[in-house]
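Engineer: Provided below: structure09.txt, containing compact mmCIF, C-alpha atoms and all ligand atoms.
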```txt
# COMPACT_ATOMS: atom_id res chain seq x y z
CA MET A 7 24.82 118.12 164.35
CA ILE A 8 21.14 118.81 163.72
CA GLU A 9 20.44 121.24 160.91
CA PHE A 10 17.07 122.60 159.80
CA ILE A 11 17.32 124.25 156.38
CA ASN A 12 14.28 126.33 155.37
CA ALA A 13 12.22 123.62 157.02
CA GLU A 14 8.45 123.76 157.28
CA LYS A 15 5.68 121.58 158.58
CA THR A 16 2.08 121.77 157.44
CA TYR A 17 -0.26 119.20 159.00
CA PRO A 18 -2.67 117.33 156.70
CA ASN A 19 -5.54 119.56 157.94
CA GLY A 20 -3.69 122.61 156.56
CA THR A 21 -2.29 123.94 159.88
CA LYS A 22 1.08 125.54 159.21
CA ALA A 23 2.94 124.54 162.38
CA LEU A 24 6.47 125.51 161.30
CA GLN A 25 7.73 127.85 158.64
CA ASP A 26 11.13 128.93 157.44
CA ILE A 27 13.07 127.16 160.18
CA ASN A 28 16.83 127.55 159.95
CA LEU A 29 18.81 126.13 162.85
CA LYS A 30 22.08 124.42 163.59
CA ILE A 31 22.46 122.53 166.85
CA ASP A 32 25.92 121.14 167.60
CA GLN A 33 26.60 117.87 169.40
CA GLY A 34 26.47 118.38 173.16
CA GLU A 35 24.34 121.53 173.24
CA PHE A 36 21.61 122.01 175.84
CA VAL A 37 18.76 123.83 174.13
CA GLY A 38 15.50 125.05 175.65
CA VAL A 39 12.61 125.63 173.26
CA ILE A 40 10.09 128.13 174.61
CA GLY A 41 6.93 129.77 173.32
CA LEU A 42 3.20 129.99 173.85
CA SER A 43 0.96 126.97 173.65
CA GLY A 44 0.44 126.11 169.99
CA ALA A 45 3.57 127.99 168.88
CA GLY A 46 5.09 124.84 167.34
CA LYS A 47 7.55 123.68 170.03
CA SER A 48 6.46 120.03 170.09
CA THR A 49 6.30 119.89 166.33
CA LEU A 50 9.83 121.29 166.12
CA ILE A 51 11.37 118.70 168.39
CA ARG A 52 9.25 115.82 167.10
CA CYS A 53 10.48 116.45 163.56
CA VAL A 54 14.03 115.65 164.74
CA ASN A 55 13.24 111.97 165.34
CA ARG A 56 10.67 111.80 162.56
CA MET A 57 7.69 111.39 164.82
CA HIS A 58 6.51 114.11 162.44
CA ASP A 59 7.87 114.61 158.95
CA ILE A 60 8.72 118.06 157.69
CA THR A 61 6.76 119.00 154.59
CA GLY A 62 9.28 121.42 153.10
CA GLY A 63 13.00 122.22 153.23
CA GLN A 64 15.52 119.84 154.74
CA LEU A 65 16.39 118.37 158.10
CA MET A 66 19.90 116.97 158.38
CA VAL A 67 21.27 114.97 161.30
CA ASP A 68 25.03 114.43 161.09
CA ASN A 69 24.85 115.36 157.40
CA VAL A 70 22.17 112.78 156.62
CA ASP A 71 18.94 114.07 155.11
CA ILE A 72 16.59 112.26 157.45
CA SER A 73 13.52 112.76 155.22
CA LYS A 74 15.12 110.28 152.82
CA LEU A 75 15.46 107.47 155.38
CA LYS A 76 13.08 104.57 154.91
CA GLY A 77 11.79 101.63 157.00
CA LYS A 78 14.67 99.94 158.78
CA GLN A 79 16.90 103.02 158.35
CA VAL A 80 14.34 105.14 160.25
CA ARG A 81 14.23 102.60 163.09
CA LYS A 82 18.03 102.52 163.25
CA PHE A 83 18.20 106.32 163.19
CA ARG A 84 15.60 106.60 165.99
CA ARG A 85 17.74 104.38 168.23
CA ARG A 86 20.23 107.26 168.43
CA ILE A 87 17.58 109.64 169.71
CA GLY A 88 15.95 109.32 173.10
CA MET A 89 12.51 110.78 173.63
CA ILE A 90 11.10 111.84 176.99
CA PHE A 91 7.45 112.80 177.40
CA GLN A 92 5.47 114.65 180.05
CA SER A 93 3.52 111.47 180.79
CA PHE A 94 6.65 109.26 181.28
CA ASN A 95 5.22 106.49 179.02
CA LEU A 96 6.07 103.63 181.37
CA VAL A 97 4.38 100.30 182.05
CA THR A 98 3.43 101.09 185.63
CA ARG A 99 2.37 97.58 186.70
CA THR A 100 5.84 96.15 186.29
CA THR A 101 9.30 96.82 187.70
CA VAL A 102 11.63 99.70 187.02
CA MET A 103 14.22 97.26 185.64
CA LYS A 104 11.78 95.75 183.12
CA ASN A 105 10.84 99.21 181.93
CA VAL A 106 14.48 100.07 181.29
CA LEU A 107 15.19 96.72 179.62
CA VAL A 108 12.44 97.47 177.11
CA SER A 109 14.91 99.75 175.35
CA PHE A 110 16.82 96.61 174.25
CA VAL A 111 13.86 94.84 172.68
CA PRO A 112 14.81 95.88 169.12
CA ASP A 113 18.27 94.27 169.64
CA LEU A 114 16.95 90.89 170.82
CA SER A 115 16.92 87.76 168.69
CA PHE A 116 13.49 86.36 167.81
CA LEU A 117 13.63 83.71 170.55
CA ARG A 118 14.89 86.08 173.23
CA LYS A 119 12.16 88.53 172.23
CA LEU A 120 9.57 85.75 172.44
CA PHE A 121 10.57 84.78 175.97
CA GLY A 122 11.63 88.25 177.12
CA VAL A 123 15.15 87.00 177.96
CA TYR A 124 17.74 89.76 178.08
CA THR A 125 21.50 89.25 177.97
CA LYS A 126 23.71 89.75 181.01
CA GLU A 127 25.33 92.72 179.26
CA GLN A 128 21.93 94.35 178.70
CA LYS A 129 21.02 93.88 182.35
CA VAL A 130 24.30 95.50 183.42
CA LYS A 131 23.67 98.41 181.05
CA ALA A 132 20.15 98.85 182.45
CA LEU A 133 21.48 98.93 186.02
CA GLU A 134 24.21 101.39 185.01
CA ALA A 135 21.58 103.67 183.47
CA LEU A 136 19.54 103.54 186.69
CA ASP A 137 22.67 104.37 188.65
CA LYS A 138 23.31 107.42 186.44
CA VAL A 139 19.96 108.90 187.42
CA GLY A 140 20.32 107.94 191.09
CA ILE A 141 17.60 105.29 191.37
CA LEU A 142 19.58 102.06 191.30
CA ASP A 143 18.00 101.09 194.62
CA LYS A 144 14.57 101.17 192.96
CA ALA A 145 15.45 98.65 190.22
CA PHE A 146 13.12 95.90 191.41
CA ILE A 147 10.27 98.07 192.64
CA ARG A 148 7.05 98.40 190.66
CA VAL A 149 6.82 101.70 188.81
CA ASP A 150 3.40 102.52 190.27
CA GLN A 151 5.04 102.71 193.71
CA LEU A 152 7.33 105.56 192.63
CA SER A 153 6.77 109.31 192.74
CA GLY A 154 6.33 111.29 189.52
CA GLY A 155 9.94 112.51 189.66
CA GLN A 156 11.25 108.98 190.15
CA GLN A 157 9.11 107.79 187.24
CA GLN A 158 10.55 110.49 185.02
CA ARG A 159 14.01 109.26 186.05
CA VAL A 160 13.05 105.74 185.01
CA ALA A 161 12.06 107.13 181.61
CA LEU A 162 15.41 108.91 181.45
CA ALA A 163 17.28 105.72 182.40
CA ARG A 164 15.41 103.79 179.69
CA THR A 165 16.53 106.41 177.20
CA LEU A 166 20.13 106.39 178.47
CA ALA A 167 20.32 102.60 178.21
CA GLN A 168 19.91 102.93 174.46
CA ASN A 169 23.07 105.07 174.43
CA PRO A 170 21.62 108.04 172.53
CA ASP A 171 23.46 110.95 170.92
CA ILE A 172 20.46 113.21 171.33
CA ILE A 173 17.68 113.42 173.92
CA LEU A 174 14.46 115.19 172.97
CA ALA A 175 12.25 116.04 175.89
CA ASP A 176 8.69 117.23 175.32
CA GLU A 177 7.63 119.10 178.46
CA PRO A 178 9.38 116.64 180.77
CA ILE A 179 8.64 118.56 183.96
CA ALA A 180 5.13 119.76 183.20
CA SER A 181 3.48 117.36 185.65
CA LEU A 182 6.09 117.64 188.42
CA ASP A 183 6.19 119.93 191.44
CA PRO A 184 8.82 122.70 191.31
CA ILE A 185 11.39 120.90 193.51
CA THR A 186 11.13 117.56 191.75
CA ALA A 187 11.18 119.40 188.42
CA ARG A 188 14.56 120.88 189.33
CA GLN A 189 15.92 117.47 190.32
CA VAL A 190 14.92 116.08 186.93
CA MET A 191 16.45 119.11 185.20
CA ASP A 192 19.66 118.48 187.21
CA ASP A 193 19.68 114.94 185.76
CA PHE A 194 19.35 116.31 182.22
CA LYS A 195 22.15 118.80 182.86
CA ARG A 196 24.49 116.18 184.30
CA ILE A 197 23.83 113.77 181.46
CA ASN A 198 24.38 116.56 178.95
CA LYS A 199 27.70 117.62 180.46
CA ASP A 200 29.11 114.22 181.47
CA MET A 201 28.08 112.26 178.39
CA ASN A 202 28.05 115.03 175.78
CA ILE A 203 24.52 114.07 174.78
CA SER A 204 22.63 116.88 173.05
CA VAL A 205 19.51 117.79 175.01
CA ILE A 206 16.62 119.65 173.41
CA ILE A 207 13.84 120.45 175.81
CA ASN A 208 10.46 121.94 175.08
CA ILE A 209 9.53 123.69 178.29
CA HIS A 210 6.82 125.99 179.60
CA HIS A 211 8.72 127.16 182.67
CA VAL A 212 10.69 130.13 181.37
CA GLU A 213 12.87 130.57 184.45
CA VAL A 214 13.82 126.91 184.50
CA ALA A 215 14.64 127.02 180.79
CA LEU A 216 16.87 130.06 181.30
CA GLU A 217 18.59 128.51 184.29
CA TYR A 218 19.42 125.15 182.71
CA ALA A 219 19.65 125.61 178.95
CA ASP A 220 22.76 127.16 177.42
CA ARG A 221 20.79 128.22 174.38
CA ILE A 222 17.19 129.33 173.99
CA ILE A 223 15.09 129.01 170.89
CA GLY A 224 11.95 131.12 171.03
CA VAL A 225 9.13 130.02 168.76
CA ARG A 226 6.13 132.14 167.89
CA LYS A 227 3.42 131.14 165.44
CA GLY A 228 5.66 128.51 163.85
CA GLU A 229 8.66 130.78 163.39
CA ILE A 230 11.87 131.24 165.31
CA VAL A 231 11.82 134.72 166.79
CA PHE A 232 14.86 134.28 169.06
CA ASP A 233 17.88 132.03 168.98
CA GLY A 234 20.74 132.78 171.31
CA PRO A 235 22.43 132.22 174.67
CA SER A 236 20.14 132.11 177.70
CA ALA A 237 22.05 135.06 179.17
CA LYS A 238 20.82 137.24 176.30
CA VAL A 239 17.14 136.59 176.96
CA THR A 240 15.84 139.95 178.15
CA GLN A 241 12.31 141.02 179.00
CA ASP A 242 12.01 142.43 175.46
CA VAL A 243 12.97 139.06 174.03
CA LEU A 244 10.36 137.34 176.20
CA ASP A 245 7.75 139.88 175.12
CA GLU A 246 8.63 139.13 171.51
CA ILE A 247 8.37 135.35 172.04
CA TYR A 248 5.17 135.52 174.07
CA GLY A 249 3.64 138.41 172.17
CA GLY A 250 3.75 140.79 175.12
CA ARG A 251 1.85 138.28 177.25
CA VAL A 252 4.71 137.03 179.36
CA GLU A 253 3.48 138.55 182.64
CA GLU A 254 0.06 137.03 182.10
CA PHE A 255 1.77 133.78 181.14
CA LYS A 256 4.00 133.76 184.23
CA ALA A 257 1.07 134.53 186.51
CA SER A 258 -0.96 131.62 185.12
CA ARG A 259 2.02 129.31 185.50
CA GLU A 260 2.64 130.37 189.10
CA GLU A 261 -1.00 129.73 189.84
CA SER A 262 -0.80 126.23 188.33
CA ASP A 263 2.43 125.54 190.31
CA SER A 264 0.74 126.51 193.53
CA HIS A 265 -1.84 123.75 192.96
CA VAL A 266 0.82 121.03 192.80
N1 LIG B 1 -1.47 116.23 164.57
C1 LIG B 1 -1.82 117.49 164.30
N2 LIG B 1 -2.69 117.77 163.31
C2 LIG B 1 -3.02 119.04 163.03
N3 LIG B 1 -2.55 120.13 163.66
C3 LIG B 1 -1.70 119.91 164.66
C4 LIG B 1 -1.27 118.59 165.04
N4 LIG B 1 -0.39 118.69 166.06
C5 LIG B 1 -0.27 120.01 166.31
N5 LIG B 1 -1.04 120.74 165.48
C6 LIG B 1 -1.17 122.21 165.42
O1 LIG B 1 0.13 122.72 165.10
C7 LIG B 1 0.39 123.92 165.85
C8 LIG B 1 1.65 123.72 166.69
O2 LIG B 1 1.37 122.72 167.67
P1 LIG B 1 2.47 122.19 168.70
O3 LIG B 1 1.86 121.06 169.45
O4 LIG B 1 3.73 121.95 167.98
O5 LIG B 1 2.61 123.48 169.64
P2 LIG B 1 3.32 123.62 171.05
O6 LIG B 1 4.04 124.93 171.02
O7 LIG B 1 4.10 122.42 171.35
O8 LIG B 1 2.07 123.72 172.01
P3 LIG B 1 1.92 123.19 173.54
O9 LIG B 1 2.87 124.00 174.34
O10 LIG B 1 0.48 123.49 173.86
O11 LIG B 1 2.22 121.72 173.52
C9 LIG B 1 -0.87 124.20 166.66
O12 LIG B 1 -1.68 125.09 165.93
C10 LIG B 1 -1.53 122.83 166.76
O13 LIG B 1 -2.94 122.96 166.88
```
Please, can you express the file's structure as structure tokens?
Structural biologist:
Amino acid sequence: MIEFINAEKTYPNGTKALQDINLKIDQGEFVGVIGLSGAGKSTLIRCVNRMHDITGGQLMVDNVDISKLKGKQVRKFRRRIGMIFQSFNLVTRTTVMKNVLVSFVPDLSFLRKLFGVYTKEQKVKALEALDKVGILDKAFIRVDQLSGGQQQRVALARTLAQNPDIILADEPIASLDPITARQVMDDFKRINKDMNISVIINIHHVEVALEYADRIIGVRKGEIVFDGPSAKVTQDVLDEIYGGRVEEFKASREESDSHV
């Protein structure tokens, strides 16, 4: 379980990105975080794996106060949390398989690390992860020969190979066309349901968030203004989250989709 208790985040330049955050997310939930640009969505999810540190309150993961973890403990803790970015973060000039195997580098002995030699078990796990996202047949193809959606699946497979309890996804479909975006969201949903991995997605596409996430967290100016089931997100709720600018927001998003 992830628990924010009166958590806040102020960046060194004085920007208050999060204030008074109180949240409990149970294992296996699928949560969509929505809000205007600059509302604090990325900061919220990036605090969970300590890419950013909260500057006030507490953040507990499975009853461990993660602010207190140091050095090796942080690295070990991060292994339980997969992170997916809009930009995929892959080495495009090498194969899909090598990109997935990278997730095992921290487990390799010094010599294996030096020569890049993975164990048979790790290779099987990497192939299994590729199979789970439906791109096993692409294992030995160079990443730069894949479409954006396939590349995002490689990123997802790399995360799955590390056997995470939680996947954080920071705008994972922002650079994908609407159809591919849905395919990637289907992958997240399947992984969430079949493997009971918690999925927390920061997403600009409101309709997609409502369709896939079981729970929506609406962030506005660093505060949570809505937290509830997707089915309870009404127009009034959206107006509250987006400050009455949701129509304008939707229109600009539709326009950007039409350019894809
Ligand atoms: N490294 C940083 N240093 C200082 N301020 C930052 C930093 N990162 C984010 N901020 C500020 O914190 C606030 C929240 O930013 P954040 O990126 O979390 O918003 P967001 O809702 O994810 O926005 P977007 O949808 O555009 O990604 C914004 O005012 C932003 O300018």
Engineer: Here is a test: counting all atoms listed in the file, which residue of A:Ile8, A:Val106, A:Asp192, A:Glu246 is nearest to Asp71 of chain A?
Structural biologist: A:Ile8
Engineer: Please, which residues in chain A fall within 12 Å of ligand LIG 1 (chain B) when counting only C-alpha atoms and all ligand atoms, and what is the closest atom pair and distance in Å to one decimal for each, ordered by chain then residue number, as a Markdown table?
Structural biologist:
```
| residue | atom | partner | partner_atom | distance |
| --- | --- | --- | --- | --- |
| A:Glu14 | CA | B:LIG1 | O1 | 11.5 |
| A:Lys15 | CA | B:LIG1 | O1 | 8.6 |
| A:Thr16 | CA | B:LIG1 | N3 | 7.9 |
| A:Tyr17 | CA | B:LIG1 | C2 | 4.9 |
| A:Pro18 | CA | B:LIG1 | C2 | 6.6 |
| A:Asn19 | CA | B:LIG1 | C2 | 5.7 |
| A:Gly20 | CA | B:LIG1 | C2 | 7.4 |
| A:Thr21 | CA | B:LIG1 | N3 | 5.4 |
| A:Lys22 | CA | B:LIG1 | O1 | 6.6 |
| A:Ala23 | CA | B:LIG1 | O1 | 4.3 |
| A:Leu24 | CA | B:LIG1 | C8 | 7.4 |
| A:Gln25 | CA | B:LIG1 | C8 | 10.9 |
| A:Val39 | CA | B:LIG1 | O6 | 8.9 |
| A:Ile40 | CA | B:LIG1 | O6 | 7.7 |
| A:Gly41 | CA | B:LIG1 | O6 | 6.1 |
| A:Leu42 | CA | B:LIG1 | O6 | 5.9 |
| A:Ser43 | CA | B:LIG1 | O10 | 3.5 |
| A:Gly44 | CA | B:LIG1 | O5 | 3.4 |
| A:Ala45 | CA | B:LIG1 | O6 | 3.8 |
| A:Gly46 | CA | B:LIG1 | O4 | 3.3 |
| A:Lys47 | CA | B:LIG1 | O6 | 3.9 |
| A:Ser48 | CA | B:LIG1 | O7 | 3.6 |
| A:Thr49 | CA | B:LIG1 | O4 | 3.7 |
| A:Leu50 | CA | B:LIG1 | O4 | 6.4 |
| A:Ile51 | CA | B:LIG1 | O4 | 8.3 |
| A:Arg52 | CA | B:LIG1 | O4 | 8.3 |
| A:Cys53 | CA | B:LIG1 | O4 | 9.8 |
| A:Met57 | CA | B:LIG1 | N1 | 10.4 |
| A:His58 | CA | B:LIG1 | N1 | 8.5 |
| A:Asp59 | CA | B:LIG1 | N1 | 11.0 |
| A:Phe91 | CA | B:LIG1 | O11 | 11.0 |
| A:Gln92 | CA | B:LIG1 | O11 | 10.2 |
| A:Ala175 | CA | B:LIG1 | O7 | 11.3 |
| A:Asp176 | CA | B:LIG1 | O7 | 8.0 |
| A:Glu177 | CA | B:LIG1 | O11 | 7.8 |
| A:Pro178 | CA | B:LIG1 | O11 | 11.4 |
| A:Ala180 | CA | B:LIG1 | O9 | 10.1 |
| A:Ile207 | CA | B:LIG1 | O7 | 10.9 |
| A:Asn208 | CA | B:LIG1 | O7 | 7.4 |
| A:Ile209 | CA | B:LIG1 | O9 | 7.7 |
| A:His210 | CA | B:LIG1 | O9 | 6.9 |
| A:His211 | CA | B:LIG1 | O9 | 10.7 |
| A:Ile223 | CA | B:LIG1 | O6 | 11.8 |
| A:Gly224 | CA | B:LIG1 | O6 | 10.0 |
| A:Val225 | CA | B:LIG1 | O6 | 7.5 |
| A:Arg226 | CA | B:LIG1 | O6 | 8.1 |
| A:Lys227 | CA | B:LIG1 | C8 | 7.7 |
| A:Gly228 | CA | B:LIG1 | C8 | 6.9 |
| A:Glu229 | CA | B:LIG1 | C8 | 10.5 |
| A:Ile230 | CA | B:LIG1 | O6 | 11.6 |
| A:Ile247 | CA | B:LIG1 | O6 | 11.3 |
| A:Tyr248 | CA | B:LIG1 | O6 | 11.1 |
| A:Phe255 | CA | B:LIG1 | O9 | 12.0 |
```
Engineer: Expressed in Å to a single decimal, how great is the separation between atom CA of Ala135 of chain A and atom CA of Val205 of chain A?
Structural biologist: 16.6 Å
Engineer: Would you mind telling me which residue in A:Asp233, A:Asp137, A:Glu217, A:Asp242 lies nearest to Leu29 of chain A when using only C-alpha atoms?
Structural biologist: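 Distance minimum relative to Leu29 of chain A lands on A:Asp233.
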Engineer: Name the residues in contact with Ile203 of chain A at a cut-off of 8 Å, using all atoms listed in the file, excluding same-chain residues fewer than 6 positions from it; report them as a list of chain:residue names.
Structural biologist: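 Here the answer would be A:Gln33, A:Gly34, A:Glu35, A:Pro170, A:Asp171, A:Ile172, A:Ile173, A:Ile197.
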Engineer: Can you write out the residues you just picked, keeping C-alpha atoms, as an mmCIF file, keeping the file's coordinate frame?
Structural biologist:
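What landed in result.cif:
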```
data_model
loop_
_atom_site.group_PDB
_atom_site.id
_atom_site.type_symbol
_atom_site.label_atom_id
_atom_site.label_comp_id
_atom_site.auth_asym_id
_atom_site.auth_seq_id
_atom_site.Cartn_x
_atom_site.Cartn_y
_atom_site.Cartn_z
ATOM 1 C CA GLN A 33 26.600 117.870 169.400
ATOM 2 C CA GLY A 34 26.470 118.380 173.160
ATOM 3 C CA GLU A 35 24.340 121.530 173.240
ATOM 4 C CA PRO A 170 21.620 108.040 172.530
ATOM 5 C CA ASP A 171 23.460 110.950 170.920
ATOM 6 C CA ILE A 172 20.460 113.210 171.330
ATOM 7 C CA ILE A 173 17.680 113.420 173.920
ATOM 8 C CA ILE A 197 23.830 113.770 181.460
#
```
Engineer: Just want the 9 Å neighbourhood of Ala13 of chain A, counted on all atoms listed in the file, with same-chain residues fewer than 5 positions away dropped. Output as a PyMOL selection string.
Structural biologist: chain A and resi 24-28+60-65
Engineer: May I have the protein, DNA and RNA residues with any atom at most 12 Å from the point (8.1, 108.9, 190.2), counting all atoms listed in the file, written as number ranges by chain?
Structural biologist: A: 92-96, 98, 102, 141, 144, 147-162, 179, 181-183, 186-187, 189-190
Engineer: Which neighbours of Gly122 of chain A fall inside 10 Å, counting all atoms listed in the file, when residues of the same chain fewer than 6 positions from it are skipped, and could you give them as a list in words?
Structural biologist: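 Everything that qualifies: Lys104, Leu107, Val108, Val111, Leu114, Ser115 and Phe116 of chain A.
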Engineer: Go ahead and save the residues from that selection, with C-alpha atoms, as a CSV table (one decimal), in the frame of the given file.
Structural biologist:
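again20.csv written:
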```
chain,number,residue,atom,x,y,z
A,104,LYS,CA,11.8,95.8,183.1
A,107,LEU,CA,15.2,96.7,179.6
A,108,VAL,CA,12.4,97.5,177.1
A,111,VAL,CA,13.9,94.8,172.7
A,114,LEU,CA,17.0,90.9,170.8
A,115,SER,CA,16.9,87.8,168.7
A,116,PHE,CA,13.5,86.4,167.8
```
